[in-house]
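Shown here: input_39.cif, mmCIF, C-alpha atoms and all ligand atoms.
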data_protein
#
loop_
_atom_site.label_atom_id
_atom_site.label_comp_id
_atom_site.auth_asym_id
_atom_site.auth_seq_id
_atom_site.Cartn_x
_atom_site.Cartn_y
_atom_site.Cartn_z
CA MET J 13 -21.02 -11.23 5.15
CA ALA J 14 -21.29 -7.78 3.53
CA GLU J 15 -22.45 -7.60 -0.09
CA ALA J 16 -19.67 -7.90 -2.70
CA LEU J 17 -18.45 -4.44 -3.76
CA PHE J 18 -18.08 -5.48 -7.39
CA GLU J 19 -20.02 -8.04 -9.42
CA ARG J 20 -17.08 -8.63 -11.75
CA LEU J 21 -13.70 -7.08 -10.93
CA CYS J 22 -10.72 -7.26 -13.29
CA LEU J 23 -7.15 -6.91 -12.04
CA ILE J 24 -4.65 -6.10 -14.78
CA GLY J 25 -1.13 -7.07 -13.66
CA PRO J 26 -1.08 -9.70 -10.87
CA GLY J 27 2.32 -8.71 -9.47
CA LEU J 28 3.10 -7.84 -5.86
CA ILE J 29 0.24 -5.35 -5.55
CA GLY J 30 -2.27 -6.95 -7.93
CA SER J 31 -1.87 -10.43 -6.46
CA SER J 32 -2.16 -9.00 -2.94
CA ILE J 33 -5.54 -7.47 -3.87
CA ALA J 34 -6.54 -10.77 -5.50
CA ARG J 35 -5.59 -12.81 -2.42
CA LEU J 36 -7.48 -10.36 -0.20
CA ALA J 37 -10.56 -10.57 -2.44
CA LYS J 38 -10.44 -14.37 -2.43
CA GLU J 39 -9.99 -14.54 1.35
CA ARG J 40 -12.71 -12.01 2.23
CA GLY J 41 -15.28 -12.89 -0.41
CA ASP J 42 -16.94 -9.46 -0.12
CA ILE J 43 -14.85 -7.56 -2.63
CA ALA J 44 -15.80 -9.22 -5.91
CA ARG J 45 -18.34 -11.86 -6.81
CA THR J 46 -16.14 -12.82 -9.77
CA LEU J 47 -12.45 -11.95 -9.99
CA VAL J 48 -10.86 -11.77 -13.44
CA VAL J 49 -7.07 -11.53 -13.77
CA THR J 50 -5.01 -10.73 -16.84
CA ALA J 51 -1.24 -10.34 -17.28
CA LYS J 52 1.24 -9.67 -20.06
CA THR J 53 3.12 -12.96 -20.25
CA GLU J 54 1.91 -16.54 -20.54
CA ARG J 55 4.32 -17.47 -17.74
CA THR J 56 2.52 -15.18 -15.26
CA LEU J 57 -0.92 -16.31 -16.47
CA GLU J 58 0.11 -19.93 -15.90
CA ARG J 59 1.41 -19.12 -12.42
CA VAL J 60 -1.85 -17.32 -11.54
CA ARG J 61 -3.78 -20.45 -12.59
CA GLU J 62 -1.55 -22.56 -10.33
CA LEU J 63 -1.90 -20.17 -7.38
CA GLY J 64 -5.69 -20.23 -7.76
CA PHE J 65 -6.58 -16.74 -6.54
CA ALA J 66 -8.58 -15.79 -9.67
CA ASP J 67 -11.97 -17.06 -10.81
CA VAL J 68 -11.14 -16.29 -14.44
CA VAL J 69 -7.66 -16.01 -15.99
CA GLU J 70 -7.80 -14.28 -19.38
CA ALA J 71 -4.81 -13.60 -21.64
CA ASP J 72 -6.48 -10.82 -23.63
CA ALA J 73 -6.85 -7.61 -21.57
CA ALA J 74 -9.67 -6.34 -23.82
CA ARG J 75 -11.73 -9.49 -23.25
CA ALA J 76 -10.81 -9.53 -19.56
CA VAL J 77 -12.47 -6.15 -18.86
CA GLU J 78 -15.65 -6.90 -20.82
CA GLY J 79 -18.74 -6.86 -18.59
CA CYS J 80 -16.75 -5.72 -15.54
CA ASP J 81 -18.11 -3.11 -13.12
CA GLY J 82 -14.61 -2.62 -11.68
CA VAL J 83 -11.14 -2.63 -13.26
CA ILE J 84 -7.87 -1.97 -11.41
CA LEU J 85 -4.63 -1.32 -13.29
CA CYS J 86 -1.73 -2.87 -11.35
CA VAL J 87 0.96 -2.56 -14.05
CA PRO J 88 4.07 -0.33 -14.08
CA VAL J 89 2.97 3.29 -14.69
CA GLY J 90 4.90 3.42 -17.98
CA ALA J 91 2.55 0.77 -19.40
CA TYR J 92 -0.72 2.61 -18.61
CA ARG J 93 -1.24 4.26 -22.00
CA GLU J 94 -0.59 1.08 -23.94
CA VAL J 95 -2.98 -0.90 -21.71
CA MET J 96 -5.65 1.83 -21.82
CA VAL J 97 -5.56 1.98 -25.63
CA ARG J 98 -6.28 -1.75 -25.59
CA ILE J 99 -9.07 -1.81 -22.97
CA ALA J 100 -10.86 1.56 -23.37
CA PRO J 101 -13.27 0.47 -26.14
CA HIS J 102 -14.27 -2.56 -24.04
CA LEU J 103 -15.01 -0.80 -20.73
CA ALA J 104 -18.71 -0.99 -19.87
CA PRO J 105 -20.64 2.22 -19.08
CA GLY J 106 -20.78 2.68 -15.28
CA CYS J 107 -17.53 0.77 -14.77
CA VAL J 108 -15.20 2.10 -12.06
CA LEU J 109 -11.62 2.25 -13.34
CA SER J 110 -8.96 2.50 -10.65
CA ASP J 111 -5.26 1.82 -10.32
CA VAL J 112 -2.48 1.42 -7.76
CA GLY J 113 0.32 3.32 -9.52
CA SER J 114 3.01 5.17 -7.59
CA THR J 115 2.73 8.35 -9.69
CA LYS J 116 -0.57 10.13 -10.12
CA GLY J 117 -0.15 13.11 -12.51
CA SER J 118 0.87 10.58 -15.17
CA VAL J 119 -2.31 8.57 -14.57
CA LEU J 120 -4.51 11.54 -15.43
CA ARG J 121 -2.25 12.35 -18.40
CA ASP J 122 -2.42 8.80 -19.79
CA LEU J 123 -5.94 7.66 -18.88
CA LEU J 124 -8.26 10.69 -18.92
CA PRO J 125 -8.00 11.44 -22.67
CA LEU J 126 -9.00 7.85 -23.48
CA LEU J 127 -11.71 7.48 -20.82
CA PRO J 128 -15.03 6.47 -22.44
CA ALA J 129 -18.16 8.41 -21.44
CA GLY J 130 -19.84 6.91 -18.38
CA VAL J 131 -16.66 5.23 -17.05
CA HIS J 132 -15.50 6.61 -13.68
CA LEU J 133 -11.78 7.09 -13.04
CA VAL J 134 -10.73 6.91 -9.36
CA PRO J 135 -6.92 6.71 -9.12
CA ALA J 136 -5.47 5.25 -5.92
CA HIS J 137 -2.03 4.61 -4.49
CA PRO J 138 -1.68 2.09 -1.67
CA MET J 139 1.41 3.15 0.25
CA ALA J 140 2.53 -0.40 0.89
CA GLY J 141 5.05 -2.62 -0.76
CA THR J 142 8.12 -4.78 -0.51
CA GLU J 143 11.20 -5.17 -2.67
CA TYR J 144 9.72 -8.35 -4.21
CA SER J 145 7.63 -8.58 -7.36
CA GLY J 146 5.50 -11.01 -9.35
CA PRO J 147 2.42 -13.12 -8.50
CA ASP J 148 4.20 -15.13 -5.79
CA ALA J 149 5.22 -12.00 -3.88
CA GLY J 150 1.74 -10.84 -2.84
CA PHE J 151 0.00 -11.43 0.48
CA SER J 152 -3.47 -10.45 1.67
CA THR J 153 -2.33 -8.42 4.69
CA LEU J 154 0.04 -6.16 2.71
CA PHE J 155 -2.26 -3.11 3.00
CA GLN J 156 -3.23 -3.57 6.65
CA GLY J 157 -2.64 -0.39 8.66
CA ARG J 158 -1.04 1.38 5.69
CA TRP J 159 -2.16 4.56 3.95
CA CYS J 160 -3.98 4.56 0.65
CA ILE J 161 -4.10 7.91 -1.17
CA LEU J 162 -6.97 8.59 -3.59
CA THR J 163 -6.58 11.31 -6.22
CA PRO J 164 -9.95 11.51 -8.03
CA PRO J 165 -10.07 14.34 -10.57
CA PRO J 166 -12.58 17.14 -9.83
CA GLY J 167 -16.16 16.18 -10.69
CA THR J 168 -15.68 12.41 -10.18
CA ASP J 169 -18.87 10.54 -9.32
CA PRO J 170 -19.06 10.32 -5.48
CA ASP J 171 -20.47 6.77 -5.60
CA ALA J 172 -17.44 5.60 -7.60
CA ILE J 173 -15.09 7.26 -5.09
CA GLU J 174 -16.98 5.58 -2.25
CA LYS J 175 -16.66 2.15 -3.90
CA VAL J 176 -12.89 2.45 -4.24
CA SER J 177 -12.64 3.89 -0.71
CA GLU J 178 -14.60 0.94 0.67
CA LEU J 179 -12.32 -1.52 -1.13
CA TRP J 180 -9.30 -0.03 0.63
CA ARG J 181 -11.10 0.13 3.97
CA ARG J 182 -11.81 -3.60 3.60
CA ALA J 183 -8.09 -4.06 2.87
CA GLY J 184 -7.42 -2.49 6.29
CA SER J 185 -5.95 0.77 4.94
CA GLN J 186 -6.34 4.32 6.17
CA LEU J 187 -7.57 6.69 3.47
CA GLU J 188 -6.41 10.13 2.45
CA ARG J 189 -7.51 12.26 -0.51
CA MET J 190 -5.38 14.81 -2.34
CA ASP J 191 -4.84 16.19 -5.81
CA ALA J 192 -2.42 14.41 -8.11
CA ALA J 193 0.24 17.15 -8.04
CA THR J 194 0.36 17.20 -4.22
CA HIS J 195 0.54 13.40 -4.15
CA ASP J 196 3.47 13.41 -6.56
CA ARG J 197 5.45 15.91 -4.45
CA VAL J 198 4.76 14.00 -1.22
CA VAL J 199 5.82 10.62 -2.61
CA ALA J 200 8.84 12.17 -4.34
CA ILE J 201 10.35 12.92 -0.92
CA VAL J 202 9.12 9.93 1.11
CA SER J 203 9.51 7.20 -1.49
CA HIS J 204 11.05 8.10 -4.84
CA LEU J 205 14.09 10.05 -3.58
CA PRO J 206 15.00 7.35 -1.01
CA HIS J 207 14.99 4.80 -3.83
CA LEU J 208 17.11 7.05 -6.04
CA ILE J 209 19.60 7.43 -3.18
CA ALA J 210 19.64 3.67 -2.50
CA PHE J 211 20.31 2.82 -6.16
CA THR J 212 23.06 5.46 -6.24
CA ILE J 213 24.81 4.31 -3.04
CA CYS J 214 24.90 0.75 -4.35
CA SER J 215 26.40 1.91 -7.67
CA THR J 216 28.98 4.08 -5.90
CA ALA J 217 29.95 1.18 -3.60
CA ASP J 218 30.10 -1.12 -6.62
CA ASP J 219 32.50 1.28 -8.39
CA LEU J 220 34.62 1.43 -5.24
CA ALA J 221 34.60 -2.36 -4.96
CA GLN J 222 36.31 -2.54 -8.37
CA GLU J 223 39.11 -0.32 -7.05
CA THR J 224 39.49 -1.84 -3.58
CA PRO J 225 40.93 -5.35 -3.63
CA GLU J 226 40.24 -5.81 0.12
CA GLY J 227 36.56 -5.85 -0.73
CA VAL J 228 33.76 -3.47 0.18
CA PHE J 229 30.71 -5.69 0.40
CA ARG J 230 32.26 -8.27 2.74
CA PHE J 231 32.15 -5.61 5.47
CA ALA J 232 28.72 -4.18 4.64
CA ALA J 233 27.38 -2.55 7.80
CA SER J 234 23.68 -2.45 8.67
CA GLY J 235 23.33 1.09 7.22
CA PHE J 236 24.48 -0.13 3.82
CA ARG J 237 22.46 -3.35 4.10
CA ASP J 238 19.25 -1.34 4.62
CA PHE J 239 19.97 0.52 1.38
CA THR J 240 20.54 -2.75 -0.50
CA ARG J 241 17.08 -3.95 0.54
CA ILE J 242 15.49 -0.87 -1.05
CA ALA J 243 17.81 -1.15 -4.06
CA ALA J 244 16.64 -4.72 -4.71
CA SER J 245 13.35 -3.35 -6.09
CA ASP J 246 11.94 -4.07 -9.54
CA VAL J 247 13.71 -2.42 -12.49
CA ALA J 248 10.70 -1.70 -14.74
CA MET J 249 8.60 -0.34 -11.92
CA TRP J 250 11.25 2.09 -10.66
CA ARG J 251 12.41 3.18 -14.10
CA ASP J 252 8.78 4.10 -14.82
CA VAL J 253 8.28 5.84 -11.46
CA PHE J 254 11.36 8.04 -11.98
CA LEU J 255 10.39 8.95 -15.56
CA ASN J 256 6.76 9.62 -14.66
CA ASN J 257 7.43 11.79 -11.61
CA ARG J 258 10.36 13.57 -13.17
CA GLU J 259 9.63 17.14 -12.09
CA ALA J 260 8.84 16.51 -8.43
CA LEU J 261 11.70 14.02 -8.09
CA LEU J 262 14.25 16.42 -9.59
CA GLU J 263 13.01 19.20 -7.30
CA MET J 264 13.45 17.00 -4.22
CA LEU J 265 16.84 15.80 -5.46
CA ALA J 266 18.01 19.41 -5.83
CA ARG J 267 16.88 20.22 -2.28
CA PHE J 268 18.49 17.07 -0.94
CA THR J 269 21.77 17.79 -2.76
CA GLU J 270 21.94 21.28 -1.19
CA ASP J 271 21.20 19.89 2.27
CA ALA J 272 23.73 17.06 1.88
CA ALA J 273 26.35 19.58 0.79
CA ALA J 274 25.57 21.70 3.86
CA LEU J 275 26.09 18.69 6.14
CA GLY J 276 29.30 17.83 4.28
CA ARG J 277 30.56 21.39 4.81
CA ALA J 278 29.72 21.17 8.51
CA VAL J 279 31.72 17.94 8.73
CA ARG J 280 34.70 19.56 6.95
CA ARG J 281 34.55 22.59 9.25
CA GLY J 282 33.95 20.55 12.39
CA GLU J 283 30.62 22.33 13.12
CA VAL J 284 29.49 20.09 15.97
CA GLU J 285 26.14 21.76 16.63
CA PHE J 286 25.01 21.56 13.01
CA ILE J 287 25.99 17.89 12.80
CA GLU J 288 24.22 17.05 16.08
CA ASP J 289 21.09 18.90 14.98
CA ARG J 290 20.86 16.85 11.75
CA ILE J 291 21.30 13.55 13.59
CA GLU J 292 18.76 14.56 16.25
CA ARG J 293 16.18 15.47 13.55
CA GLY J 294 16.62 12.01 12.02
CA ARG J 295 16.13 10.34 15.41
CA LYS J 296 13.01 12.42 16.06
CA ILE J 297 11.44 11.42 12.75
CA ARG J 298 12.14 7.74 13.39
CA ARG J 299 10.53 8.00 16.86
CA SER J 300 7.42 9.67 15.45
CA LEU J 301 7.05 6.99 12.74
CA ILE J 302 7.24 4.28 15.41
CA GLU J 303 4.57 6.10 17.45
CA MET J 304 2.32 6.36 14.36
CA LYS J 305 2.90 2.63 13.68
CA GLN J 306 4.33 3.42 10.22
CA ALA J 307 7.84 2.13 10.91
P1 LIG J 401 5.14 -6.28 -10.34
O1 LIG J 401 5.14 -7.20 -9.19
O2 LIG J 401 6.40 -6.16 -11.16
O3 LIG J 401 3.96 -6.71 -11.34
C1 LIG J 401 3.68 -6.00 -12.51
C2 LIG J 401 2.54 -6.67 -13.23
O4 LIG J 401 2.23 -5.87 -14.38
C3 LIG J 401 2.85 -8.06 -13.75
O5 LIG J 401 1.72 -8.88 -13.55
C4 LIG J 401 3.09 -7.86 -15.25
O6 LIG J 401 2.71 -8.96 -16.01
C5 LIG J 401 2.18 -6.69 -15.55
N1 LIG J 401 2.65 -5.90 -16.69
C6 LIG J 401 3.86 -5.33 -16.84
N2 LIG J 401 3.93 -4.65 -18.00
C7 LIG J 401 2.74 -4.81 -18.59
C8 LIG J 401 2.18 -4.38 -19.83
N3 LIG J 401 2.89 -3.64 -20.68
N4 LIG J 401 0.92 -4.76 -20.11
C9 LIG J 401 0.20 -5.52 -19.25
N5 LIG J 401 0.67 -5.96 -18.08
C10 LIG J 401 1.91 -5.62 -17.75
O7 LIG J 401 4.75 -4.80 -9.96
P2 LIG J 401 4.14 -4.22 -8.58
O8 LIG J 401 5.25 -4.01 -7.62
O9 LIG J 401 2.96 -5.01 -8.18
O10 LIG J 401 3.70 -2.77 -9.07
C11 LIG J 401 2.51 -2.60 -9.81
C12 LIG J 401 2.06 -1.14 -9.70
O11 LIG J 401 1.91 -0.83 -8.31
C13 LIG J 401 3.06 -0.14 -10.28
O12 LIG J 401 2.36 0.86 -10.98
C14 LIG J 401 3.71 0.44 -9.05
O13 LIG J 401 4.12 1.78 -9.28
C15 LIG J 401 2.62 0.35 -8.01
N6 LIG J 401 3.06 0.23 -6.61
C16 LIG J 401 4.11 -0.60 -6.29
C17 LIG J 401 4.53 -0.69 -4.97
C18 LIG J 401 5.70 -1.58 -4.58
O14 LIG J 401 6.30 -1.39 -3.54
N7 LIG J 401 6.05 -2.56 -5.39
C19 LIG J 401 3.86 0.03 -3.96
C20 LIG J 401 2.76 0.81 -4.31
C21 LIG J 401 2.37 0.91 -5.64
P3 LIG J 401 3.81 -10.05 -16.44
O15 LIG J 401 4.30 -10.70 -15.18
O16 LIG J 401 3.06 -10.97 -17.32
O17 LIG J 401 4.90 -9.29 -17.16
#
Just give me the structure of the file as structure tokens.
Amino acid sequence: MAEALFERLCLIGPGLIGSSIARLAKERGDIARTLVVTAKTERTLERVRELGFADVVEADAARAVEGCDGVILCVPVGAYREVMVRIAPHLAPGCVLSDVGSTKGSVLRDLLPLLPAGVHLVPAHPMAGTEYSGPDAGFSTLFQGRWCILTPPPGTDPDAIEKVSELWRRAGSQLERMDAATHDRVVAIVSHLPHLIAFTICSTADDLAQETPEGVFRFAASGFRDFTRIAASDVAMWRDVFLNNREALLEMLARFTEDAAALGRAVRRGEVEFIEDRIERGRKIRRSLIEMKQA
């Protein structure tokens, strides 16, 4: 078996993503010699003890990171600053601090100013997930065949980047590197806007359901059902994603609104070619995702 990447790795926030990393580490044995897990609530800590994927379960985040050579933040991005204020004075020199957050400009904004000298920040975003959350939701194969985007700030220690890269390779992910601003624009269109649309469609249908006694949801077609799956996602996580990728999300929403209006106009005017072109583009994208095994 390969040498363990980290002597003592601390995961802060054993939810869907954190507990998936923990299960992977436990299963493989070559990610961390000792795995420490900390969470916010006693209920989650108790559940982590029952599930048995951590070597050490510690209620106090500051104590949890002490003596660790790796720490991964797996909490909603809106909680980063508060957690960093708590742990920063306890991070050991040489420690690699990473995360899994869905927004990356906010990570630099919230973590860099508090980063102690000698601690290496290597932000990461595994592009994998489900609509479920909490320590029971994770599974070790979640990251298999999925992308993981690293956004290390300029000047980051190459050895620290390599350590985090190797962790994600061992998770079965494909790696990509980009700057935080590019990351935030990319995920705004492929992830954040689709969620915003899903939440909105459900609210609009819910409003309509109040007005339509025959019922709307009883006849939910597969198109609507697919949106409800996305819309079942965690409230705190998505609230934080929207607020922490505000600029890029609003830009994509403005572009989408213009394009949706154009399609609506084509429908009103009966512009067959325009309508067919839009549908064909959608079909093409779906086919290419299937070919790239990302569907
Ligand atoms: P999750 O299942 O809801 O778990 C969140 C975890 O964070 C819980 O263990 C929770 O502890 C802890 N936590 C919440 N607020 C905290 C605070 N103020 N201080 C300390 N711990 C706190 O969330 P998730 O889906 O795994 O998402 C975690 C991160 O991964 C987020 O940053 C998200 O943007 C990113 N991400 C998510 C997905 C996805 O599809 N879900 C995909 C890629 C990346 P308690 O249970 O004790 O409250």
Taking all atoms listed in the file into account, list the residues no farther than 7 Å from ligand LIG 401 (chain J), as a count of residues only.
39
So, with all atoms listed in the file as the atoms that count, which of J:Arg158, J:Gly117, J:Phe229, J:Thr168 lies closest to Arg258 of chain J?
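Among J:Arg158, J:Gly117, J:Phe229, J:Thr168, it is J:Gly117 that comes nearest to Arg258 of chain J.
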When you count all atoms listed in the file, which of these residues is closest to Ile84 of chain J: J:Ile213, J:Leu124, J:Val97, J:Leu21?
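Closest to Ile84 of chain J of all the choices is J:Leu21.
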With 12 Å as the threshold, what does the neighbourhood of (1.8, 14.6, -2.0) contain in terms of residues, counting all atoms listed in the file? Coordinates are those of the file; answer as a short mmCIF file (atom, residue, chain, number, x, y, z; two decimals) with C-alpha atoms, in the frame of the given file.
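What follows is the written file selection.cif:
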data_model
loop_
_atom_site.label_atom_id
_atom_site.label_comp_id
_atom_site.auth_asym_id
_atom_site.auth_seq_id
_atom_site.Cartn_x
_atom_site.Cartn_y
_atom_site.Cartn_z
CA SER J 114 3.01 5.17 -7.59
CA THR J 115 2.73 8.35 -9.69
CA LYS J 116 -0.57 10.13 -10.12
CA GLY J 117 -0.15 13.11 -12.51
CA HIS J 137 -2.03 4.61 -4.49
CA MET J 139 1.41 3.15 0.25
CA CYS J 160 -3.98 4.56 0.65
CA ILE J 161 -4.10 7.91 -1.17
CA LEU J 162 -6.97 8.59 -3.59
CA THR J 163 -6.58 11.31 -6.22
CA GLU J 188 -6.41 10.13 2.45
CA ARG J 189 -7.51 12.26 -0.51
CA MET J 190 -5.38 14.81 -2.34
CA ASP J 191 -4.84 16.19 -5.81
CA ALA J 192 -2.42 14.41 -8.11
CA ALA J 193 0.24 17.15 -8.04
CA THR J 194 0.36 17.20 -4.22
CA HIS J 195 0.54 13.40 -4.15
CA ASP J 196 3.47 13.41 -6.56
CA ARG J 197 5.45 15.91 -4.45
CA VAL J 198 4.76 14.00 -1.22
CA VAL J 199 5.82 10.62 -2.61
CA ALA J 200 8.84 12.17 -4.34
CA ILE J 201 10.35 12.92 -0.92
CA VAL J 202 9.12 9.93 1.11
CA SER J 203 9.51 7.20 -1.49
CA HIS J 204 11.05 8.10 -4.84
CA ASN J 257 7.43 11.79 -11.61
CA ALA J 260 8.84 16.51 -8.43
CA LEU J 261 11.70 14.02 -8.09
#
Taking into account all atoms listed in the file, which residue in the set J:Asp252, J:Glu70, J:Glu58, J:Glu270 is nearest to Gly90 of chain J?
J:Asp252
Considering all atoms listed in the file, give me a table of residues in segment 101-154 of chain J that are at most 12 Å from segment 172-186 of chain J, with the closest atom pair and distance in Å for each, as JSON lines.
{"residue": "J:Gly106", "atom": "CA", "partner": "J:Ala172", "partner_atom": "CA", "distance": 8.9}
{"residue": "J:Cys107", "atom": "CA", "partner": "J:Ala172", "partner_atom": "CA", "distance": 8.6}
{"residue": "J:Val108", "atom": "CA", "partner": "J:Ala172", "partner_atom": "CA", "distance": 6.1}
{"residue": "J:Leu109", "atom": "CA", "partner": "J:Ala172", "partner_atom": "CA", "distance": 8.8}
{"residue": "J:Ser110", "atom": "CA", "partner": "J:Val176", "partner_atom": "CA", "distance": 7.5}
{"residue": "J:Asp111", "atom": "CA", "partner": "J:Val176", "partner_atom": "CA", "distance": 9.8}
{"residue": "J:Val112", "atom": "CA", "partner": "J:Trp180", "partner_atom": "CA", "distance": 10.9}
{"residue": "J:Gly130", "atom": "CA", "partner": "J:Ala172", "partner_atom": "CA", "distance": 11.1}
{"residue": "J:Val131", "atom": "CA", "partner": "J:Ala172", "partner_atom": "CA", "distance": 9.5}
{"residue": "J:His132", "atom": "CA", "partner": "J:Ala172", "partner_atom": "CA", "distance": 6.5}
{"residue": "J:Leu133", "atom": "CA", "partner": "J:Ala172", "partner_atom": "CA", "distance": 8.0}
{"residue": "J:Val134", "atom": "CA", "partner": "J:Ile173", "partner_atom": "CA", "distance": 6.1}
{"residue": "J:Pro135", "atom": "CA", "partner": "J:Val176", "partner_atom": "CA", "distance": 8.8}
{"residue": "J:Ala136", "atom": "CA", "partner": "J:Val176", "partner_atom": "CA", "distance": 8.1}
{"residue": "J:His137", "atom": "CA", "partner": "J:Trp180", "partner_atom": "CA", "distance": 10.0}
{"residue": "J:Pro138", "atom": "CA", "partner": "J:Ser185", "partner_atom": "CA", "distance": 8.0}
{"residue": "J:Met139", "atom": "CA", "partner": "J:Ser185", "partner_atom": "CA", "distance": 9.0}
{"residue": "J:Ala140", "atom": "CA", "partner": "J:Ser185", "partner_atom": "CA", "distance": 9.5}
{"residue": "J:Phe151", "atom": "CA", "partner": "J:Ala183", "partner_atom": "CA", "distance": 11.2}
{"residue": "J:Ser152", "atom": "CA", "partner": "J:Ala183", "partner_atom": "CA", "distance": 8.0}
{"residue": "J:Thr153", "atom": "CA", "partner": "J:Ala183", "partner_atom": "CA", "distance": 7.4}
{"residue": "J:Leu154", "atom": "CA", "partner": "J:Ala183", "partner_atom": "CA", "distance": 8.4}
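Computed from the coordinates, the atom CA of Ala100 of chain J to atom CA of Val48 of chain J distance equals 16.6 Å.
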Build an axis-aligned box that encloses every atom of segment 151-155 of chain J listed in the file, pad it by 8 Å on each side, and report its centre and edge lengths in Å to one decimal, as AutoDock Vina command-line options.
--center_x -1.7 --center_y -7.3 --center_z 2.6 --size_x 19.5 --size_y 24.3 --size_z 20.2
Looking at all atoms listed in the file, which of J:Glu303, J:Val83, J:Leu36, J:Val60 is the one that sits closest to Phe18 of chain J?
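Using all atoms listed in the file, Phe18 of chain J sits closest to J:Val83.
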d(atom CA of Leu47 of chain J, atom CA of Leu187 of chain J) in Å
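Atom CA of Leu47 of chain J sits 23.5 Å away from atom CA of Leu187 of chain J.
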As a VMD selection string, please: the residues near Ala14 of chain J (cut-off 10 Å, only C-alpha atoms, same-chain neighbours under 4 positions excluded).
chain J and resid 40 to 43
Mind checking which residues fall within 10 Å of Met96 of chain J, counting only C-alpha atoms, ignoring those fewer than 6 positions away in the same chain, and posting them as a PDB file with C-alpha atoms, keeping the file's coordinate frame?
ATOM      1  CA  ALA J  73      -6.850  -7.610 -21.570  1.00  0.00           C
ATOM      2  CA  ALA J  74      -9.670  -6.340 -23.820  1.00  0.00           C
ATOM      3  CA  LEU J  85      -4.630  -1.320 -13.290  1.00  0.00           C
ATOM      4  CA  HIS J 102     -14.270  -2.560 -24.040  1.00  0.00           C
ATOM      5  CA  LEU J 103     -15.010  -0.800 -20.730  1.00  0.00           C
ATOM      6  CA  ASP J 122      -2.420   8.800 -19.790  1.00  0.00           C
ATOM      7  CA  LEU J 123      -5.940   7.660 -18.880  1.00  0.00           C
ATOM      8  CA  LEU J 124      -8.260  10.690 -18.920  1.00  0.00           C
ATOM      9  CA  PRO J 125      -8.000  11.440 -22.670  1.00  0.00           C
ATOM     10  CA  LEU J 126      -9.000   7.850 -23.480  1.00  0.00           C
ATOM     11  CA  LEU J 127     -11.710   7.480 -20.820  1.00  0.00           C
TER      12      LEU J 127
END
Let me make sure I understand: among J:Arg93, J:Ala149, J:Met264, J:Arg298, which one has the smallest atom-to-atom distance to Arg35 of chain J if we use all atoms listed in the file?
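Selected residue with least distance to Arg35 of chain J: J:Ala149.
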What's around Arg20 of chain J at 8 Å? Count all atoms listed in the file, leave out sequence neighbours fewer than 2 positions away in its own chain, and write the answer as number ranges by chain.
J: 18, 22, 44-48, 79-82
When you draw a straight line from atom CA of Asp289 of chain J to atom CA of Gln306 of chain J, how long is it in Å?
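Computing the Euclidean distance for atom CA of Asp289 of chain J and atom CA of Gln306 of chain J yields 23.3 Å.
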When you get a chance, write out N, CA and C atoms for segment 250-261 of chain J, as a compact mmCIF listing (two decimals), in the frame of the given file.
# COMPACT_ATOMS: atom_id res chain seq x y z
N TRP J 250 10.57 0.87 -11.13
CA TRP J 250 11.25 2.09 -10.66
C TRP J 250 11.72 2.98 -11.79
N ARG J 251 12.09 2.36 -12.91
CA ARG J 251 12.41 3.18 -14.10
C ARG J 251 11.18 4.03 -14.44
N ASP J 252 10.01 3.39 -14.45
CA ASP J 252 8.78 4.10 -14.82
C ASP J 252 8.41 5.16 -13.79
N VAL J 253 8.61 4.86 -12.50
CA VAL J 253 8.28 5.84 -11.46
C VAL J 253 9.16 7.08 -11.65
N PHE J 254 10.46 6.89 -11.82
CA PHE J 254 11.36 8.04 -11.98
C PHE J 254 10.95 8.88 -13.19
N LEU J 255 10.69 8.20 -14.32
CA LEU J 255 10.39 8.95 -15.56
C LEU J 255 9.03 9.62 -15.52
N ASN J 256 8.11 9.07 -14.70
CA ASN J 256 6.76 9.62 -14.66
C ASN J 256 6.51 10.55 -13.49
N ASN J 257 7.54 10.76 -12.65
CA ASN J 257 7.43 11.79 -11.61
C ASN J 257 8.68 12.66 -11.68
N ARG J 258 9.08 12.92 -12.91
CA ARG J 258 10.36 13.57 -13.17
C ARG J 258 10.50 14.92 -12.43
N GLU J 259 9.49 15.78 -12.62
CA GLU J 259 9.63 17.14 -12.09
C GLU J 259 9.76 17.17 -10.58
N ALA J 260 8.83 16.49 -9.91
CA ALA J 260 8.84 16.51 -8.43
C ALA J 260 10.10 15.83 -7.91
N LEU J 261 10.51 14.74 -8.55
CA LEU J 261 11.70 14.02 -8.09
C LEU J 261 12.95 14.90 -8.24
